[in-house]
>>> print(open('entry.txt').read())   # compact mmCIF, C-alpha atoms and all ligand atoms
# COMPACT_ATOMS: atom_id res chain seq x y z
CA MET O 56 15.38 -54.63 -81.80
CA ARG O 57 18.99 -55.17 -82.83
CA VAL O 58 20.68 -53.98 -86.02
CA GLU O 59 23.66 -55.54 -87.75
CA GLY O 60 25.45 -55.87 -91.04
CA SER O 61 25.98 -53.46 -93.88
CA ILE O 62 23.68 -52.09 -96.53
CA ARG O 63 23.82 -49.83 -99.61
CA PRO O 64 21.00 -47.36 -100.19
CA PRO O 65 19.67 -47.02 -103.75
CA GLY O 66 21.11 -44.42 -106.14
CA ASP O 67 20.62 -40.73 -105.46
CA LYS O 68 17.27 -39.55 -106.80
CA SER O 69 18.25 -35.92 -107.43
CA ILE O 70 21.46 -36.87 -109.25
CA THR O 71 19.70 -39.60 -111.26
CA HIS O 72 17.15 -37.10 -112.64
CA ARG O 73 19.90 -34.65 -113.57
CA ALA O 74 22.17 -37.29 -115.10
CA LEU O 75 19.36 -38.73 -117.24
CA ILE O 76 18.34 -35.27 -118.44
CA ILE O 77 21.85 -34.08 -119.31
CA ALA O 78 22.62 -37.40 -121.02
CA ALA O 79 19.43 -37.08 -123.07
CA LEU O 80 20.40 -33.52 -124.06
CA SER O 81 23.79 -34.66 -125.35
CA ARG O 82 24.11 -35.84 -128.93
CA THR O 83 26.15 -38.83 -127.90
CA ARG O 84 26.26 -42.01 -125.77
CA VAL O 85 26.53 -41.65 -122.02
CA GLN O 86 27.20 -44.41 -119.47
CA LEU O 87 25.58 -44.13 -116.05
CA THR O 88 26.13 -46.42 -113.07
CA GLY O 89 24.33 -46.41 -109.72
CA VAL O 90 21.15 -45.05 -111.34
CA LEU O 91 18.08 -45.07 -109.09
CA THR O 92 15.48 -47.47 -110.48
CA ALA O 93 12.52 -46.12 -108.46
CA ALA O 94 9.23 -44.78 -109.86
CA ASP O 95 10.35 -41.12 -109.87
CA ALA O 96 13.47 -41.90 -111.93
CA LYS O 97 11.32 -43.98 -114.30
CA SER O 98 9.09 -40.94 -114.79
CA THR O 99 12.05 -38.88 -115.99
CA ALA O 100 13.27 -41.72 -118.24
CA ARG O 101 9.80 -42.13 -119.78
CA VAL O 102 9.43 -38.42 -120.49
CA LEU O 103 12.90 -38.26 -122.08
CA ARG O 104 12.03 -41.22 -124.35
CA GLN O 105 8.92 -39.35 -125.50
CA LEU O 106 11.20 -36.48 -126.52
CA GLY O 107 13.37 -38.79 -128.63
CA ALA O 108 16.22 -39.85 -126.34
CA GLY O 109 17.34 -43.48 -126.25
CA VAL O 110 16.96 -44.47 -122.59
CA GLY O 111 16.95 -48.20 -121.81
CA GLN O 112 15.01 -49.83 -118.97
CA LEU O 113 16.22 -48.85 -115.50
CA ARG O 114 17.30 -52.06 -113.76
CA ARG O 115 18.75 -52.35 -110.26
CA GLY O 116 22.44 -53.13 -110.18
CA GLN O 117 22.90 -52.58 -113.91
CA GLY O 118 24.64 -49.76 -115.77
CA LEU O 119 22.55 -47.67 -118.12
CA GLU O 120 23.45 -46.33 -121.53
CA VAL O 121 21.64 -43.21 -122.68
CA ARG O 122 21.71 -42.16 -126.32
CA GLY O 123 21.18 -38.41 -126.46
CA LYS O 124 19.40 -36.95 -129.51
CA ALA O 125 18.05 -33.60 -130.65
CA TRP O 126 14.70 -33.40 -128.87
CA ARG O 127 11.52 -33.40 -130.95
CA ARG O 128 7.94 -32.37 -130.24
CA PRO O 129 6.48 -35.19 -128.12
CA LYS O 130 3.45 -37.10 -129.47
CA GLY O 131 1.47 -37.30 -126.25
CA THR O 132 1.37 -35.48 -122.92
CA LEU O 133 4.50 -35.84 -120.80
CA ASN O 134 3.36 -37.59 -117.62
CA CYS O 135 5.71 -36.78 -114.75
CA GLY O 136 3.95 -39.19 -112.36
CA ASN O 137 4.57 -38.26 -108.73
CA SER O 138 7.84 -36.47 -109.45
CA GLY O 139 8.08 -32.72 -108.84
CA THR O 140 11.74 -32.77 -109.88
CA THR O 141 10.83 -34.31 -113.24
CA ALA O 142 8.13 -31.69 -113.89
CA ARG O 143 10.14 -28.65 -112.83
CA LEU O 144 13.49 -29.62 -114.37
CA MET O 145 11.80 -30.67 -117.63
CA LEU O 146 9.98 -27.32 -117.78
CA GLY O 147 13.39 -25.67 -117.59
CA CYS O 148 14.82 -27.82 -120.41
CA LEU O 149 11.74 -27.32 -122.59
CA ALA O 150 11.96 -23.53 -122.20
CA GLY O 151 14.94 -23.72 -124.58
CA HIS O 152 13.15 -25.84 -127.21
CA ARG O 153 11.09 -24.39 -130.07
CA PHE O 154 8.12 -26.73 -129.85
CA GLU O 155 5.15 -27.07 -127.59
CA SER O 156 4.95 -29.79 -124.91
CA ARG O 157 2.17 -30.54 -122.49
CA LEU O 158 3.05 -31.82 -119.01
CA THR O 159 0.93 -33.45 -116.36
CA GLY O 160 1.34 -35.68 -113.31
CA ASP O 161 -0.53 -37.80 -110.78
CA ALA O 162 -3.13 -36.36 -108.39
CA SER O 163 -0.43 -35.34 -105.86
CA LEU O 164 1.75 -33.59 -108.45
CA ARG O 165 -1.27 -31.82 -109.95
CA ARG O 166 -1.79 -30.17 -106.54
CA ARG O 167 1.77 -28.77 -106.37
CA PRO O 168 2.75 -25.21 -107.37
CA MET O 169 4.39 -24.72 -110.76
CA ARG O 170 4.48 -20.91 -111.07
CA ARG O 171 7.64 -20.81 -108.96
CA VAL O 172 9.26 -22.23 -112.12
CA THR O 173 6.98 -21.09 -114.95
CA GLU O 174 7.12 -17.42 -113.89
CA PRO O 175 10.91 -17.06 -114.25
CA LEU O 176 10.83 -19.19 -117.43
CA THR O 177 8.15 -16.87 -118.86
CA ALA O 178 10.34 -13.91 -117.91
CA MET O 179 13.13 -15.58 -119.94
CA GLY O 180 10.81 -15.73 -122.97
CA ALA O 181 9.02 -19.11 -122.82
CA VAL O 182 5.27 -19.23 -123.44
CA VAL O 183 3.29 -21.14 -120.81
CA LYS O 184 -0.42 -21.98 -120.99
CA GLU O 185 -2.17 -23.13 -117.83
CA VAL O 186 -5.62 -24.63 -117.39
CA THR O 187 -5.68 -24.04 -113.62
CA ARG O 188 -3.60 -21.27 -112.08
CA ASP O 189 -0.22 -22.48 -110.82
CA ARG O 190 -0.96 -26.16 -111.49
CA LEU O 191 -0.33 -28.99 -113.95
CA PRO O 192 -1.40 -29.84 -116.57
CA LEU O 193 0.16 -27.02 -118.51
CA SER O 194 1.93 -26.53 -121.81
CA ILE O 195 5.20 -24.80 -122.53
CA CYS O 196 6.66 -23.56 -125.79
CA GLY O 197 10.21 -22.32 -125.67
CA GLY O 198 12.56 -20.86 -128.20
CA SER O 199 13.85 -17.36 -128.44
CA LEU O 200 14.84 -16.56 -124.90
CA SER O 201 16.32 -13.31 -123.58
CA SER O 202 20.06 -12.81 -124.11
CA SER O 203 20.86 -13.22 -120.41
CA PHE O 204 18.83 -13.77 -117.26
CA ARG O 205 19.26 -13.01 -113.58
CA PHE O 206 16.72 -14.34 -111.08
CA ARG O 207 16.37 -13.75 -107.37
CA SER O 208 14.36 -16.72 -106.10
CA PRO O 209 11.98 -16.06 -103.18
CA VAL O 210 12.29 -19.72 -102.12
CA PRO O 211 15.47 -21.73 -101.53
CA SER O 212 14.74 -24.50 -104.02
CA ALA O 213 17.10 -26.62 -106.09
CA GLN O 214 14.25 -27.38 -108.46
CA ILE O 215 13.75 -23.68 -109.28
CA LYS O 216 17.50 -23.06 -109.53
CA SER O 217 18.05 -26.12 -111.71
CA ALA O 218 15.11 -25.31 -114.01
CA ILE O 219 16.66 -21.92 -114.77
CA LEU O 220 20.17 -23.31 -115.25
CA LEU O 221 18.78 -25.97 -117.62
CA ALA O 222 16.80 -23.34 -119.55
CA GLY O 223 20.07 -21.44 -119.82
CA LEU O 224 21.76 -24.57 -121.16
CA THR O 225 19.11 -25.51 -123.73
CA GLY O 226 18.28 -21.92 -124.70
CA GLY O 227 21.86 -20.69 -124.93
CA VAL O 228 21.38 -18.02 -122.25
CA PRO O 229 23.90 -17.07 -119.53
CA THR O 230 21.92 -17.25 -116.28
CA THR O 231 22.40 -16.21 -112.65
CA VAL O 232 20.24 -17.44 -109.77
CA VAL O 233 20.36 -15.95 -106.28
CA GLU O 234 18.67 -17.90 -103.46
CA PRO O 235 17.67 -16.79 -99.95
CA ALA O 236 19.53 -19.84 -98.58
CA ARG O 237 21.68 -22.36 -100.37
CA SER O 238 19.80 -25.37 -101.77
CA ARG O 239 21.32 -28.67 -102.93
CA ASP O 240 23.99 -28.10 -105.59
CA HIS O 241 23.91 -31.30 -107.69
CA THR O 242 23.18 -29.43 -110.93
CA GLU O 243 26.14 -27.12 -110.33
CA ARG O 244 28.42 -30.05 -109.55
CA LEU O 245 27.32 -31.96 -112.65
CA PHE O 246 27.78 -28.89 -114.86
CA ARG O 247 31.30 -28.46 -113.47
CA TYR O 248 32.06 -32.17 -113.87
CA LEU O 249 31.19 -31.75 -117.55
CA GLY O 250 33.54 -28.77 -117.81
CA PHE O 251 30.86 -26.09 -118.14
CA ASP O 252 31.64 -22.53 -117.16
CA LEU O 253 29.80 -22.15 -113.85
CA GLU O 254 30.63 -20.05 -110.83
CA ALA O 255 29.00 -20.52 -107.42
CA LYS O 256 29.65 -18.00 -104.64
CA GLY O 257 27.56 -18.25 -101.48
CA LYS O 258 23.92 -18.10 -102.46
CA GLU O 259 24.60 -16.98 -106.06
CA VAL O 260 25.21 -19.26 -109.05
CA SER O 261 26.22 -18.00 -112.50
CA PHE O 262 26.27 -20.23 -115.53
CA LYS O 263 28.08 -18.71 -118.50
CA GLY O 264 27.84 -21.59 -120.96
CA PRO O 265 28.86 -25.15 -121.69
CA GLY O 266 32.10 -24.12 -123.42
CA GLY O 267 32.65 -24.86 -127.12
CA THR O 268 29.61 -24.61 -129.37
CA TRP O 269 26.46 -24.13 -127.34
CA PRO O 270 24.84 -26.53 -126.25
CA ARG O 271 27.51 -29.11 -126.86
CA ILE O 272 27.75 -31.85 -124.25
CA GLU O 273 30.62 -34.30 -124.69
CA SER O 274 30.21 -38.01 -124.02
CA PHE O 275 30.68 -38.81 -120.33
CA ASP O 276 30.59 -41.60 -117.75
CA LEU O 277 28.98 -40.92 -114.38
CA GLN O 278 28.86 -42.95 -111.20
CA ILE O 279 25.91 -41.95 -109.01
CA PRO O 280 26.30 -42.28 -105.20
CA GLY O 281 23.75 -43.75 -102.80
CA ASP O 282 20.91 -41.43 -101.83
CA ALA O 283 21.49 -39.51 -98.59
CA SER O 284 17.73 -39.09 -98.07
CA SER O 285 17.16 -42.85 -98.36
CA ALA O 286 20.17 -43.47 -96.12
CA ALA O 287 18.61 -41.20 -93.46
CA PHE O 288 15.88 -43.80 -92.83
CA LEU O 289 18.52 -46.49 -92.32
CA VAL O 290 20.47 -44.19 -90.00
CA ALA O 291 17.29 -43.72 -87.97
CA VAL O 292 16.75 -47.50 -87.65
CA GLY O 293 20.29 -47.80 -86.30
CA LEU O 294 19.74 -44.98 -83.79
CA LEU O 295 16.41 -46.36 -82.55
CA ALA O 296 17.72 -49.92 -82.15
CA ASP O 297 18.40 -51.38 -78.68
CA SER O 298 21.77 -52.80 -79.66
CA GLY O 299 24.12 -53.58 -82.53
CA GLN O 300 25.73 -51.45 -85.22
CA LEU O 301 24.83 -50.75 -88.84
CA ARG O 302 27.14 -49.78 -91.70
CA ILE O 303 25.52 -47.84 -94.54
CA GLU O 304 27.86 -47.83 -97.52
CA ASN O 305 28.40 -45.50 -100.46
CA VAL O 306 26.23 -42.62 -99.24
CA GLY O 307 26.33 -39.22 -100.95
CA VAL O 308 27.45 -36.79 -98.23
CA ASN O 309 27.29 -33.59 -100.25
CA PRO O 310 27.18 -30.83 -97.58
CA THR O 311 24.06 -29.31 -99.18
CA ARG O 312 22.28 -32.64 -98.52
CA ALA O 313 23.85 -33.97 -95.34
CA GLY O 314 22.35 -31.39 -92.94
CA PHE O 315 20.53 -34.19 -91.13
CA LEU O 316 23.88 -35.57 -89.95
CA THR O 317 24.81 -32.22 -88.38
CA VAL O 318 21.46 -32.06 -86.59
CA LEU O 319 21.70 -35.69 -85.44
CA HIS O 320 25.17 -35.09 -84.00
CA ARG O 321 23.77 -32.10 -82.12
CA MET O 322 21.03 -34.35 -80.79
CA GLY O 323 23.68 -36.71 -79.44
CA ALA O 324 23.69 -39.36 -82.18
CA CYS O 325 26.70 -41.47 -82.89
CA VAL O 326 27.14 -41.60 -86.67
CA VAL O 327 30.74 -42.12 -87.77
CA VAL O 328 31.65 -41.00 -91.30
CA GLU O 329 34.28 -43.31 -92.84
CA ASN O 330 35.99 -43.87 -96.19
CA GLU O 331 35.33 -40.37 -97.50
CA ALA O 332 36.05 -40.02 -101.20
CA GLU O 333 35.02 -37.87 -104.16
CA VAL O 334 33.30 -39.68 -107.02
CA CYS O 335 32.46 -37.79 -110.22
CA GLY O 336 32.35 -34.47 -108.38
CA GLU O 337 30.23 -35.64 -105.43
CA PRO O 338 31.50 -36.54 -101.93
CA VAL O 339 30.71 -40.11 -100.87
CA ALA O 340 31.27 -41.96 -97.56
CA ASP O 341 30.17 -44.88 -95.38
CA LEU O 342 28.08 -44.13 -92.30
CA VAL O 343 28.45 -46.31 -89.21
CA VAL O 344 25.50 -45.97 -86.83
CA SER O 345 25.04 -47.17 -83.25
CA PRO O 346 21.98 -46.83 -81.02
CA ALA O 347 21.82 -43.58 -79.05
CA ARG O 348 19.68 -41.59 -76.63
CA LEU O 349 18.83 -38.34 -78.40
CA ASN O 350 18.15 -34.85 -77.06
CA GLY O 351 15.82 -32.25 -78.57
CA THR O 352 17.24 -29.36 -80.60
CA GLU O 353 16.30 -26.29 -82.61
CA VAL O 354 16.69 -26.67 -86.37
CA THR O 355 17.14 -23.17 -87.80
CA ALA O 356 15.59 -21.76 -90.98
CA THR O 357 18.96 -21.69 -92.78
CA GLU O 358 19.51 -25.38 -91.99
CA ILE O 359 16.18 -26.41 -93.53
CA PRO O 360 17.11 -26.55 -97.27
CA GLY O 361 19.98 -28.95 -96.43
CA LEU O 362 17.62 -31.46 -94.78
CA ILE O 363 14.20 -30.64 -96.25
CA ASP O 364 13.42 -34.25 -97.25
CA GLU O 365 14.66 -35.66 -93.93
CA ILE O 366 12.21 -33.73 -91.73
CA PRO O 367 9.62 -36.56 -91.55
CA MET O 368 12.33 -38.89 -90.20
CA LEU O 369 13.96 -36.27 -87.96
CA ALA O 370 10.54 -35.40 -86.51
CA GLY O 371 9.98 -39.09 -85.78
CA LEU O 372 13.34 -39.27 -84.00
CA ALA O 373 12.48 -36.07 -82.11
CA ALA O 374 9.38 -37.85 -80.79
CA ARG O 375 11.76 -40.31 -79.06
CA ALA O 376 14.27 -37.70 -77.89
CA GLU O 377 14.55 -36.06 -74.50
CA GLY O 378 12.89 -32.62 -74.56
CA GLU O 379 11.52 -30.40 -77.31
CA THR O 380 12.63 -30.11 -80.95
CA ILE O 381 11.62 -27.13 -83.10
CA PHE O 382 11.94 -27.08 -86.88
CA ARG O 383 11.86 -23.38 -87.84
CA SER O 384 10.23 -22.05 -91.05
CA VAL O 385 9.23 -25.33 -92.64
CA GLY O 386 6.23 -23.96 -94.60
CA GLU O 387 7.70 -25.58 -97.76
CA LEU O 388 6.62 -28.94 -96.32
CA ARG O 389 3.03 -27.98 -97.16
CA VAL O 390 3.77 -28.28 -100.90
CA LYS O 391 5.71 -31.54 -101.01
CA GLU O 392 4.24 -34.87 -102.19
CA SER O 393 1.63 -34.32 -99.45
CA ASN O 394 1.03 -31.59 -96.91
CA ARG O 395 3.89 -33.02 -94.87
CA LEU O 396 3.80 -30.27 -92.26
CA VAL O 397 0.25 -31.09 -91.17
CA LEU O 398 0.58 -34.85 -91.69
CA ILE O 399 3.80 -35.26 -89.69
CA ALA O 400 2.20 -33.58 -86.66
CA GLN O 401 -1.17 -35.31 -87.09
CA ASN O 402 0.35 -38.77 -87.51
CA LEU O 403 2.72 -38.36 -84.57
CA ARG O 404 -0.29 -37.41 -82.46
CA SER O 405 -2.20 -40.48 -83.76
CA LEU O 406 0.67 -42.56 -82.34
CA GLY O 407 0.40 -40.88 -78.94
CA ALA O 408 3.30 -38.43 -79.37
CA THR O 409 3.17 -34.67 -78.80
CA ALA O 410 3.57 -32.62 -81.99
CA ASP O 411 2.13 -29.37 -83.28
CA VAL O 412 2.32 -26.87 -86.09
CA ASP O 413 2.91 -23.32 -84.86
CA GLY O 414 2.68 -20.96 -87.86
CA ASP O 415 5.43 -22.28 -90.14
CA ASP O 416 7.26 -24.08 -87.32
CA LEU O 417 6.94 -27.73 -86.38
CA VAL O 418 7.25 -28.52 -82.69
CA VAL O 419 7.76 -32.08 -81.40
CA VAL O 420 8.08 -33.04 -77.74
CA GLY O 421 9.86 -36.32 -77.07
CA SER O 422 8.79 -39.07 -74.70
CA ASP O 423 9.33 -42.77 -73.98
CA ARG O 424 5.67 -43.69 -74.43
CA PRO O 425 5.41 -46.60 -76.91
CA LEU O 426 4.19 -45.33 -80.30
CA ARG O 427 0.95 -47.08 -81.20
CA GLY O 428 -1.74 -46.25 -83.70
CA ARG O 429 -2.64 -45.76 -87.34
CA VAL O 430 -0.79 -43.47 -89.76
CA ASP O 431 -2.20 -41.83 -92.88
CA THR O 432 0.71 -41.74 -95.34
CA ALA O 433 -1.34 -39.89 -98.00
CA ARG O 434 0.67 -42.07 -100.44
CA ASP O 435 3.73 -39.94 -99.64
CA HIS O 436 6.86 -42.13 -99.82
CA ARG O 437 8.78 -40.29 -97.13
CA LEU O 438 5.89 -40.47 -94.66
CA ALA O 439 5.49 -44.20 -95.31
CA MET O 440 9.20 -44.83 -94.68
CA ALA O 441 9.58 -42.49 -91.69
CA PHE O 442 6.60 -43.97 -89.84
CA GLY O 443 7.56 -47.48 -90.99
CA VAL O 444 10.90 -46.96 -89.20
CA LEU O 445 9.15 -45.82 -86.00
CA GLY O 446 7.17 -49.07 -86.14
CA THR O 447 10.40 -51.09 -85.83
CA MET O 448 10.93 -49.98 -82.22
CA ARG O 449 10.39 -52.37 -79.35
CA GLY O 450 6.87 -51.86 -77.98
CA ALA O 451 5.70 -49.85 -81.00
CA LYS O 452 2.73 -50.81 -83.16
CA VAL O 453 2.40 -48.59 -86.21
CA GLU O 454 -0.21 -49.38 -88.83
CA LEU O 455 0.46 -47.60 -92.16
CA SER O 456 -2.48 -46.75 -94.45
CA GLU O 457 -0.23 -48.08 -97.25
CA ALA O 458 3.46 -48.82 -97.71
CA GLY O 459 3.73 -49.17 -101.50
CA SER O 460 4.55 -45.47 -102.00
CA ALA O 461 8.08 -46.19 -100.69
CA GLY O 462 8.75 -47.39 -104.26
CA VAL O 463 8.66 -43.76 -105.42
CA SER O 464 12.22 -43.31 -104.15
CA TYR O 465 13.31 -46.59 -102.49
CA PRO O 466 12.09 -49.85 -104.05
CA GLY O 467 12.61 -52.72 -101.62
CA PHE O 468 12.79 -50.40 -98.59
CA PHE O 469 10.79 -52.62 -96.24
CA GLU O 470 12.80 -55.68 -97.33
CA ASP O 471 16.03 -53.80 -96.57
CA LEU O 472 14.61 -52.78 -93.21
CA ALA O 473 13.79 -56.38 -92.32
CA MET O 474 17.27 -57.44 -93.45
CA VAL O 475 19.19 -55.12 -91.10
CA MET O 476 17.02 -55.93 -88.07
CA THR O 477 17.26 -58.98 -85.88
CA ARG O 478 14.62 -59.15 -83.16
C1 LIG O 501 14.95 -31.72 -105.17
C2 LIG O 501 14.82 -30.56 -104.47
C3 LIG O 501 13.97 -30.41 -103.27
C4 LIG O 501 13.60 -31.75 -102.68
C5 LIG O 501 13.15 -32.73 -103.74
C6 LIG O 501 14.26 -32.94 -104.75
C7 LIG O 501 15.82 -31.75 -106.35
O1 LIG O 501 12.79 -29.74 -103.64
O2 LIG O 501 12.57 -31.60 -101.71
O3 LIG O 501 12.82 -33.96 -103.14
O4 LIG O 501 16.19 -32.85 -106.82
O5 LIG O 501 16.16 -30.67 -106.86
P1 LIG O 501 12.73 -28.13 -103.69
O6 LIG O 501 13.67 -27.67 -104.71
O7 LIG O 501 11.32 -27.80 -104.06
O8 LIG O 501 13.06 -27.70 -102.30
>>> encode(input="entry.txt", output="structure tokens")
Amino acid sequence: MRVEGSIRPPGDKSITHRALIIAALSRTRVQLTGVLTAADAKSTARVLRQLGAGVGQLRRGQGLEVRGKAWRRPKGTLNCGNSGTTARLMLGCLAGHRFESRLTGDASLRRRPMRRVTEPLTAMGAVVKEVTRDRLPLSICGGSLSSSFRFRSPVPSAQIKSAILLAGLTGGVPTTVVEPARSRDHTERLFRYLGFDLEAKGKEVSFKGPGGTWPRIESFDLQIPGDASSAAFLVAVGLLADSGQLRIENVGVNPTRAGFLTVLHRMGACVVVENEAEVCGEPVADLVVSPARLNGTEVTATEIPGLIDEIPMLAGLAARAEGETIFRSVGELRVKESNRLVLIAQNLRSLGATADVDGDDLVVVGSDRPLRGRVDTARDHRLAMAFGVLGTMRGAKVELSEAGSAGVSYPGFFEDLAMVMTR
């Protein structure tokens, strides 16, 4: 297979959620460009509309105006769909609002842990009622929160950190979050872009307030970069190709997200970073990828938060590399959209590769054997895309149980894949 041409990944999912939420919390009009139009972003938009914000339809290639309003008690249950970020960030925002809201999600989201967020929010003063321990659906009633809050998170998670910072914003509470390792910092960057008083030092983030009258958010324009996690699949296609070169334009290369590039370089990949620029507080660049023979590597526990969503794709690449690759301490993969830890290993084995889970580590041994077999995606978008990419290789035959889940984060993924490949 040969790759050629240039392509732009869709808008960053993490930044889109945050931008929509902050815009909806403002009492003014906000202009967003580069918004992701995938199912997860639509879940956040829908929930914000239920709370009273004016959020238009999310359409690819079009700017979006959001009219922020004072939030009101929603009429129905807030359905977060498949989106953990929607559920956890909204819980944070709602902790600062004096009305009760009920949140739920699809079958996958209803299996994911929520106490990691509801426990600190309860400690801040929110009242949470669960039906099933640690799971959606649940209701939250916020209001009079403690006068300040410091939280030491047991898990490096941007969703936990952001939920607390957003509760601090909506509840008028100075907050500090300390993480065991640094997670993605999009919330911090957006807060700073808006002129909020936020200090980040190493693994500790302190938010003192938005400045002016709390919680005032001035009107703003924001340009959202392409999603690094979506770009990672395109990078992989370029690396696995037999010949050619692929340019992936306008990719967010925030260092707390671009850990996969560091690991790929260590594995011997040739990914050139060009046209680096800073756009609305986030670093952006073009990535130029050429086919490469990869070597196995060890991905350390501290590297994991910076590439957590890229592990399905990196594991797939490791299956084609020379030697063994170990992903250390990736237990968090068990509580993603599916049990990714087990499913990555199981599906690689179904294709004839060697992969195993050893405690919380994932071990993949590379080979040249053609990958052939059936993959159970469990309707997890990143599994569908990662194994879809492996199926593009010469000699491979990968049958996906479904491919539609790609629309959760990357609508049109398989069309884009076909576009960059020439057989
Ligand atoms: C996200 C944080 C990560 C990531 C998820 C998006 C975010 O989750 O896996 O896809 O936007 O904050 P955790 O915070 O649970 O690690």
>>> residues_around(input="entry.txt", residues="region 213-226 of chain O", least_positions_apart="6", cutoff="7 Å", atoms="only C-alpha atoms", output="ChimeraX atom specification")
/O:140,143-144,146-148,150-152,171-172,176,198,200,232,238-239,242,262,264,270
>>> residues_around(input="entry.txt", residues="Arg114 (chain O)", least_positions_apart="5", cutoff="12 Å", atoms="all atoms listed in the file", output="VMD selection string")
chain O and resid 65 to 66 87 to 94 96 to 97 100 119 to 120 466
>>> residues_around(input="entry.txt", residues="region 429-443 of chain O", least_positions_apart="5", cutoff="8 Å", atoms="all atoms listed in the file", output="PDB file with C-alpha atoms, in the frame of the given file")
ATOM      1  CA  PHE O 288      15.880 -43.800 -92.830  1.00  0.00           C
ATOM      2  CA  ASP O 364      13.420 -34.250 -97.250  1.00  0.00           C
ATOM      3  CA  PRO O 367       9.620 -36.560 -91.550  1.00  0.00           C
ATOM      4  CA  MET O 368      12.330 -38.890 -90.200  1.00  0.00           C
ATOM      5  CA  GLY O 371       9.980 -39.090 -85.780  1.00  0.00           C
ATOM      6  CA  GLU O 392       4.240 -34.870-102.190  1.00  0.00           C
ATOM      7  CA  SER O 393       1.630 -34.320 -99.450  1.00  0.00           C
ATOM      8  CA  ARG O 395       3.890 -33.020 -94.870  1.00  0.00           C
ATOM      9  CA  LEU O 398       0.580 -34.850 -91.690  1.00  0.00           C
ATOM     10  CA  ILE O 399       3.800 -35.260 -89.690  1.00  0.00           C
ATOM     11  CA  ASN O 402       0.350 -38.770 -87.510  1.00  0.00           C
ATOM     12  CA  SER O 405      -2.200 -40.480 -83.760  1.00  0.00           C
ATOM     13  CA  LEU O 406       0.670 -42.560 -82.340  1.00  0.00           C
ATOM     14  CA  VAL O 453       2.400 -48.590 -86.210  1.00  0.00           C
ATOM     15  CA  GLU O 454      -0.210 -49.380 -88.830  1.00  0.00           C
ATOM     16  CA  LEU O 455       0.460 -47.600 -92.160  1.00  0.00           C
ATOM     17  CA  SER O 456      -2.480 -46.750 -94.450  1.00  0.00           C
ATOM     18  CA  GLU O 457      -0.230 -48.080 -97.250  1.00  0.00           C
ATOM     19  CA  ALA O 458       3.460 -48.820 -97.710  1.00  0.00           C
ATOM     20  CA  GLY O 459       3.730 -49.170-101.500  1.00  0.00           C
ATOM     21  CA  SER O 460       4.550 -45.470-102.000  1.00  0.00           C
ATOM     22  CA  ALA O 461       8.080 -46.190-100.690  1.00  0.00           C
ATOM     23  CA  GLY O 462       8.750 -47.390-104.260  1.00  0.00           C
ATOM     24  CA  VAL O 463       8.660 -43.760-105.420  1.00  0.00           C
ATOM     25  CA  SER O 464      12.220 -43.310-104.150  1.00  0.00           C
ATOM     26  CA  PHE O 468      12.790 -50.400 -98.590  1.00  0.00           C
TER      27      PHE O 468
END
>>> residues_around(input="entry.txt", residues="Gly421 (chain O)", least_positions_apart="3", cutoff="12 Å", atoms="only C-alpha atoms", output="list in words")
Met322, Arg348, Leu349, Asn350, Gly351, Thr352, Leu369, Ala370, Gly371, Leu372, Ala373, Ala374, Arg375, Ala376, Glu377, Gly378, Glu379, Thr380, Ile381, Leu403, Arg404, Gly407, Ala408, Thr409, Ala410, Val418, Arg424, Pro425 and Leu426 of chain O
>>> closest_residue(input="entry.txt", among="O:Thr99, O:Ser69, O:Gln112, O:Ser284", to="ligand LIG 501 (chain O)", atoms="all atoms listed in the file")
O:Ser69
>>> atom_distance(input="entry.txt", atom1="CA of Arg207 (chain O)", atom2="CA of Met145 (chain O)")
20.3 Å
>>> closest_residue(input="entry.txt", among="O:Met56, O:Leu164, O:Cys196, O:Ala313", to="Pro346 (chain O)", atoms="only C-alpha atoms")
O:Met56
>>> closest_residue(input="entry.txt", among="O:Ala162, O:Val58, O:Val318, O:Cys335", to="Ile70 (chain O)", atoms="all atoms listed in the file")
O:Cys335
>>> closest_residue(input="entry.txt", among="O:Leu294, O:Leu277, O:Ile366, O:Met169", to="Leu75 (chain O)", atoms="only C-alpha atoms")
O:Leu277
>>> closest_residue(input="entry.txt", among="O:Gln86, O:Thr132, O:Ser285, O:Ser422", to="ligand LIG 501 (chain O)", atoms="only C-alpha atoms and all ligand atoms")
O:Ser285
>>> closest_residue(input="entry.txt", among="O:Asp423, O:Asp416, O:Glu273, O:Asp282", to="Glu387 (chain O)", atoms="all atoms listed in the file")
O:Asp416
>>> atom_distance(input="entry.txt", atom1="CA of Leu113 (chain O)", atom2="CA of Leu133 (chain O)")
18.3 Å
>>> axis_aligned_box(input="entry.txt", around="region 213-217 of chain O", padding_each_side="8 Å", output="lines of an AutoDock Vina configuration file")
center_x = 15.9
center_y = -25.2
center_z = -108.9
size_x = 20.3
size_y = 20.3
size_z = 21.6
>>> atom_distance(input="entry.txt", atom1="CA of Arg115 (chain O)", atom2="CA of Gly467 (chain O)")
10.6 Å
>>> residues_near_point(input="entry.txt", point="(24.1, -37.2, -99.9)", cutoff="9 Å", atoms="all atoms listed in the file", output="PyMOL selection string")
chain O and resi 67+280-284+286+306-313+337-340
